[in-house]
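Student: Just start.cif, nothing more (mmCIF, C-alpha atoms):
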```
data_final
#
loop_
_atom_site.label_atom_id
_atom_site.label_comp_id
_atom_site.auth_asym_id
_atom_site.auth_seq_id
_atom_site.Cartn_x
_atom_site.Cartn_y
_atom_site.Cartn_z
CA MET V 7 39.05 -13.50 24.32
CA SER V 8 37.77 -11.96 21.10
CA ALA V 9 36.39 -8.49 20.54
CA PRO V 10 32.63 -8.08 20.77
CA ALA V 11 30.71 -8.30 17.52
CA ARG V 12 29.91 -4.94 16.04
CA PRO V 13 27.90 -4.03 12.95
CA VAL V 14 29.71 -3.19 9.74
CA HIS V 15 28.84 0.32 8.57
CA GLY V 16 25.88 0.23 6.16
CA SER V 17 25.52 -3.55 6.01
CA GLY V 18 23.21 -4.24 8.94
CA SER V 19 24.99 -7.55 9.57
CA LEU V 20 27.42 -8.55 12.29
CA VAL V 21 31.10 -9.15 11.67
CA HIS V 22 31.19 -12.20 13.95
CA GLY V 23 28.43 -14.59 14.82
CA THR V 24 25.35 -15.56 12.88
CA GLY V 25 25.34 -12.67 10.41
CA HIS V 26 21.84 -11.58 11.37
CA GLY V 27 21.58 -7.98 12.45
CA PRO V 28 18.55 -6.39 14.02
CA ALA V 29 17.06 -5.42 10.64
CA HIS V 30 16.97 -8.96 9.19
CA GLY V 31 14.02 -11.30 9.24
CA THR V 32 13.86 -15.04 9.27
CA ARG V 33 13.28 -17.29 6.31
CA SER V 34 9.90 -18.31 7.71
CA GLY V 35 8.97 -14.64 8.13
CA TYR V 36 9.84 -13.89 4.51
CA MET V 37 7.92 -16.97 3.33
CA ARG V 38 4.89 -15.95 5.40
CA GLY V 39 5.01 -12.48 3.85
CA PHE V 40 5.44 -13.93 0.36
CA VAL V 41 2.49 -16.31 0.74
CA LEU V 42 0.30 -13.53 2.15
CA SER V 43 1.28 -11.29 -0.76
CA ILE V 44 0.34 -13.96 -3.27
CA ILE V 45 -3.02 -14.53 -1.57
CA LEU V 46 -3.72 -10.80 -1.33
CA THR V 47 -3.00 -10.50 -5.07
CA ALA V 48 -4.86 -13.63 -6.22
CA ILE V 49 -8.15 -12.85 -4.43
CA PRO V 50 -8.70 -9.44 -6.10
CA PHE V 51 -7.65 -10.94 -9.44
CA TRP V 52 -10.27 -13.68 -8.99
CA LEU V 53 -12.90 -11.11 -7.93
CA VAL V 54 -12.43 -9.22 -11.19
CA MET V 55 -12.08 -12.20 -13.52
CA ALA V 56 -15.09 -14.07 -12.05
CA ASP V 57 -17.17 -10.87 -11.84
CA VAL V 58 -18.21 -11.77 -8.29
CA PHE V 59 -19.86 -8.47 -7.33
CA ASP V 60 -22.67 -6.86 -9.30
CA SER V 61 -21.50 -3.34 -8.52
CA LYS V 62 -18.27 -1.94 -9.93
CA LEU V 63 -18.02 0.37 -6.92
CA LYS V 64 -18.19 -2.56 -4.49
CA THR V 65 -15.48 -4.39 -6.46
CA ASP V 66 -13.27 -1.29 -6.42
CA ILE V 67 -13.67 -0.85 -2.66
CA VAL V 68 -12.83 -4.50 -1.95
CA ILE V 69 -9.76 -4.36 -4.24
CA MET V 70 -8.54 -1.16 -2.56
CA SER V 71 -9.03 -2.79 0.84
CA PHE V 72 -6.89 -5.74 -0.22
CA ALA V 73 -4.27 -3.29 -1.51
CA VAL V 74 -4.12 -1.51 1.86
CA VAL V 75 -3.73 -4.84 3.68
CA GLN V 76 -0.99 -5.82 1.24
CA ILE V 77 0.86 -2.56 1.90
CA PHE V 78 0.89 -3.39 5.62
CA VAL V 79 2.07 -6.95 4.90
CA HIS V 80 4.99 -5.57 2.87
CA MET V 81 5.86 -3.03 5.56
CA ILE V 82 5.84 -5.60 8.35
CA TYR V 83 7.38 -8.67 6.67
CA PHE V 84 9.77 -7.10 4.13
CA LEU V 85 10.58 -3.60 5.41
CA HIS V 86 10.48 -4.71 9.07
CA LEU V 87 8.64 -1.59 10.21
CA ASN V 88 7.08 -1.97 13.62
CA MET V 89 6.62 -0.05 16.84
CA LYS V 90 9.95 -1.37 18.19
CA SER V 91 12.27 -0.10 15.45
CA GLU V 92 13.99 3.16 16.42
CA GLY V 93 11.69 3.67 19.37
CA GLY V 94 8.59 3.76 17.18
CA TRP V 95 9.61 6.95 15.35
CA THR V 96 9.93 5.18 12.01
CA PHE V 97 6.40 3.84 12.31
CA LEU V 98 5.03 7.23 13.40
CA ALA V 99 6.71 8.93 10.43
CA LEU V 100 5.16 6.32 8.16
CA ILE V 101 1.69 6.89 9.64
CA PHE V 102 2.10 10.65 9.15
CA THR V 103 3.18 10.15 5.53
CA LEU V 104 0.27 7.79 4.84
CA THR V 105 -2.14 10.31 6.37
CA LEU V 106 -0.89 13.04 4.04
CA VAL V 107 -1.09 10.73 1.02
CA ILE V 108 -4.65 9.69 1.89
CA ILE V 109 -5.74 13.31 2.39
CA THR V 110 -4.20 14.24 -0.97
CA LEU V 111 -5.76 11.34 -2.85
CA VAL V 112 -9.21 11.66 -1.31
CA GLY V 113 -9.18 15.43 -1.81
CA SER V 114 -8.15 15.08 -5.45
CA ILE V 115 -10.83 12.49 -6.17
CA TRP V 116 -13.43 14.66 -4.38
CA VAL V 117 -12.50 17.74 -6.40
CA MET V 118 -12.50 15.84 -9.70
CA TYR V 119 -15.87 14.24 -8.94
CA HIS V 120 -17.48 17.57 -8.06
CA MET V 121 -15.99 19.28 -11.09
CA ASP V 122 -17.36 16.53 -13.29
CA GLN V 123 -20.81 16.83 -11.69
CA ASN V 124 -20.94 20.62 -11.80
CA MET V 125 -19.61 21.26 -15.29
CA MET V 126 -22.15 22.70 -17.68
CA PRO V 127 -23.23 20.09 -20.23
CA MET V 128 -22.55 20.81 -23.89
CA SER V 129 -24.81 19.85 -26.75
CA PRO V 130 -23.33 17.90 -29.68
CA ASN V 131 -23.85 20.93 -31.91
CA GLU V 132 -21.86 23.16 -29.50
CA ALA V 133 -19.11 20.56 -29.31
CA LEU V 134 -18.72 20.56 -33.12
CA HIS V 135 -18.34 24.36 -33.30
CA LYS V 136 -16.01 24.71 -30.35
CA PRO V 137 -12.49 25.85 -31.38
#
```
Would you write out, as structure tokens, the structure that this file holds?
Tutor:
Amino acid sequence: MSAPARPVHGSGSLVHGTGHGPAHGTRSGYMRGFVLSIILTAIPFWLVMADVFDSKLKTDIVIMSFAVVQIFVHMIYFLHLNMKSEGGWTFLALIFTLTLVIITLVGSIWVMYHMDQNMMPMSPNEALHKP
């Protein structure tokens, strides 16, 4: 009778058996993630190159939406983050981090937009004589 398979420290694989630890995905899972990533990159590229939308703002919003979806595809298929890993704490920490990043980005864009709108305009003559 052999000893039970146990993970090697830091490798995530098993000493005996198939070699797939709990953190590894399947080939089909990686291929699904890869194909989704290609699609989620090609569609925004096509939207910009074909000039599909009349509004630049609409194009930007659609591209950012595809980027957010692609982030989730990478997290699920390549980083293997889900509600099951480590009792869901990894996923909750990720959600908290994303919330802070979104608040920081939206706040920065909001401040820059309002500063741009509220700055006093300068005439060309004033701009020439400014030190």
Student: Selection in question (the file shown): the PyMOL selection byres ((chain V and resi 73) around 12). Which residues does it include, as a PyMOL selection string?
Tutor: chain V and resi 42-51+66-72+74-80
Student: Rounded to one decimal in Å, what is the spacing between CA of Thr32 (chain V) and CA of Leu85 (chain V)?
Tutor: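 These two atoms are separated by 12.5 Å.
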Student: For CA of Ile101 (chain V) and CA of Val117 (chain V), quote the distance in Å rounded to one decimal.
Tutor: 24.0 Å
Student: By how many Å are CA of Thr110 (chain V) and CA of Leu98 (chain V) apart?
Tutor: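 Atom-to-atom, CA of Thr110 (chain V) to CA of Leu98 (chain V), that is 18.5 Å.
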Student: Pick out the closest residue to Arg33 (chain V) from this set: V:Phe84, V:Val112, V:Glu92, V:Asp122. Count only C-alpha atoms.
Tutor: V:Phe84
Student: Starting from the incomplete input, reconstruct N, CA, C and O atoms of region 113-132 of chain V and write that as a tab-separated table (two decimals), in the frame of the given file.
Tutor:
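Everything below was put into part_20.tsv:
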```tsv
chain	number	residue	atom	x	y	z
V	113	GLY	N	-8.86	14.07	-1.41
V	113	GLY	CA	-9.18	15.43	-1.81
V	113	GLY	C	-9.18	15.59	-3.31
V	113	GLY	O	-10.05	16.25	-3.89
V	114	SER	N	-8.21	14.98	-3.99
V	114	SER	CA	-8.15	15.08	-5.45
V	114	SER	C	-9.34	14.40	-6.10
V	114	SER	O	-9.95	14.93	-7.03
V	115	ILE	N	-9.68	13.21	-5.62
V	115	ILE	CA	-10.83	12.49	-6.17
V	115	ILE	C	-12.11	13.28	-5.91
V	115	ILE	O	-12.98	13.38	-6.78
V	116	TRP	N	-12.24	13.86	-4.73
V	116	TRP	CA	-13.43	14.66	-4.38
V	116	TRP	C	-13.56	15.86	-5.31
V	116	TRP	O	-14.64	16.15	-5.82
V	117	VAL	N	-12.47	16.57	-5.53
V	117	VAL	CA	-12.50	17.74	-6.40
V	117	VAL	C	-12.85	17.34	-7.83
V	117	VAL	O	-13.68	17.97	-8.48
V	118	MET	N	-12.22	16.27	-8.33
V	118	MET	CA	-12.50	15.84	-9.70
V	118	MET	C	-13.95	15.38	-9.86
V	118	MET	O	-14.60	15.68	-10.87
V	119	TYR	N	-14.48	14.68	-8.87
V	119	TYR	CA	-15.87	14.24	-8.94
V	119	TYR	C	-16.82	15.43	-8.98
V	119	TYR	O	-17.73	15.48	-9.81
V	120	HIS	N	-16.59	16.41	-8.10
V	120	HIS	CA	-17.48	17.57	-8.06
V	120	HIS	C	-17.32	18.45	-9.30
V	120	HIS	O	-18.30	19.04	-9.76
V	121	MET	N	-16.14	18.53	-9.84
V	121	MET	CA	-15.99	19.28	-11.09
V	121	MET	C	-16.72	18.58	-12.22
V	121	MET	O	-17.36	19.24	-13.05
V	122	ASP	N	-16.66	17.27	-12.26
V	122	ASP	CA	-17.36	16.53	-13.29
V	122	ASP	C	-18.88	16.69	-13.15
V	122	ASP	O	-19.59	16.85	-14.14
V	123	GLN	N	-19.38	16.70	-11.92
V	123	GLN	CA	-20.81	16.83	-11.69
V	123	GLN	C	-21.32	18.24	-11.95
V	123	GLN	O	-22.47	18.43	-12.35
V	124	ASN	N	-20.50	19.24	-11.71
V	124	ASN	CA	-20.94	20.62	-11.80
V	124	ASN	C	-20.57	21.32	-13.10
V	124	ASN	O	-20.88	22.50	-13.26
V	125	MET	N	-19.93	20.64	-14.01
V	125	MET	CA	-19.61	21.26	-15.29
V	125	MET	C	-20.88	21.39	-16.11
V	125	MET	O	-21.76	20.54	-16.08
V	126	MET	N	-20.97	22.46	-16.86
V	126	MET	CA	-22.15	22.70	-17.68
V	126	MET	C	-22.13	21.75	-18.87
V	126	MET	O	-21.12	21.64	-19.57
V	127	PRO	N	-23.22	21.02	-19.11
V	127	PRO	CA	-23.23	20.09	-20.23
V	127	PRO	C	-23.23	20.84	-21.56
V	127	PRO	O	-23.74	21.95	-21.67
V	128	MET	N	-22.66	20.20	-22.58
V	128	MET	CA	-22.55	20.81	-23.89
V	128	MET	C	-23.32	19.96	-24.89
V	128	MET	O	-23.22	18.73	-24.86
V	129	SER	N	-24.07	20.59	-25.74
V	129	SER	CA	-24.81	19.85	-26.75
V	129	SER	C	-23.84	19.38	-27.84
V	129	SER	O	-22.77	19.97	-28.01
V	130	PRO	N	-24.22	18.35	-28.60
V	130	PRO	CA	-23.33	17.90	-29.68
V	130	PRO	C	-23.06	18.99	-30.71
V	130	PRO	O	-21.96	19.07	-31.25
V	131	ASN	N	-24.03	19.85	-30.96
V	131	ASN	CA	-23.85	20.93	-31.91
V	131	ASN	C	-22.81	21.94	-31.40
V	131	ASN	O	-21.96	22.41	-32.15
V	132	GLU	N	-22.85	22.25	-30.09
V	132	GLU	CA	-21.86	23.16	-29.50
V	132	GLU	C	-20.47	22.54	-29.52
V	132	GLU	O	-19.47	23.25	-29.73
```
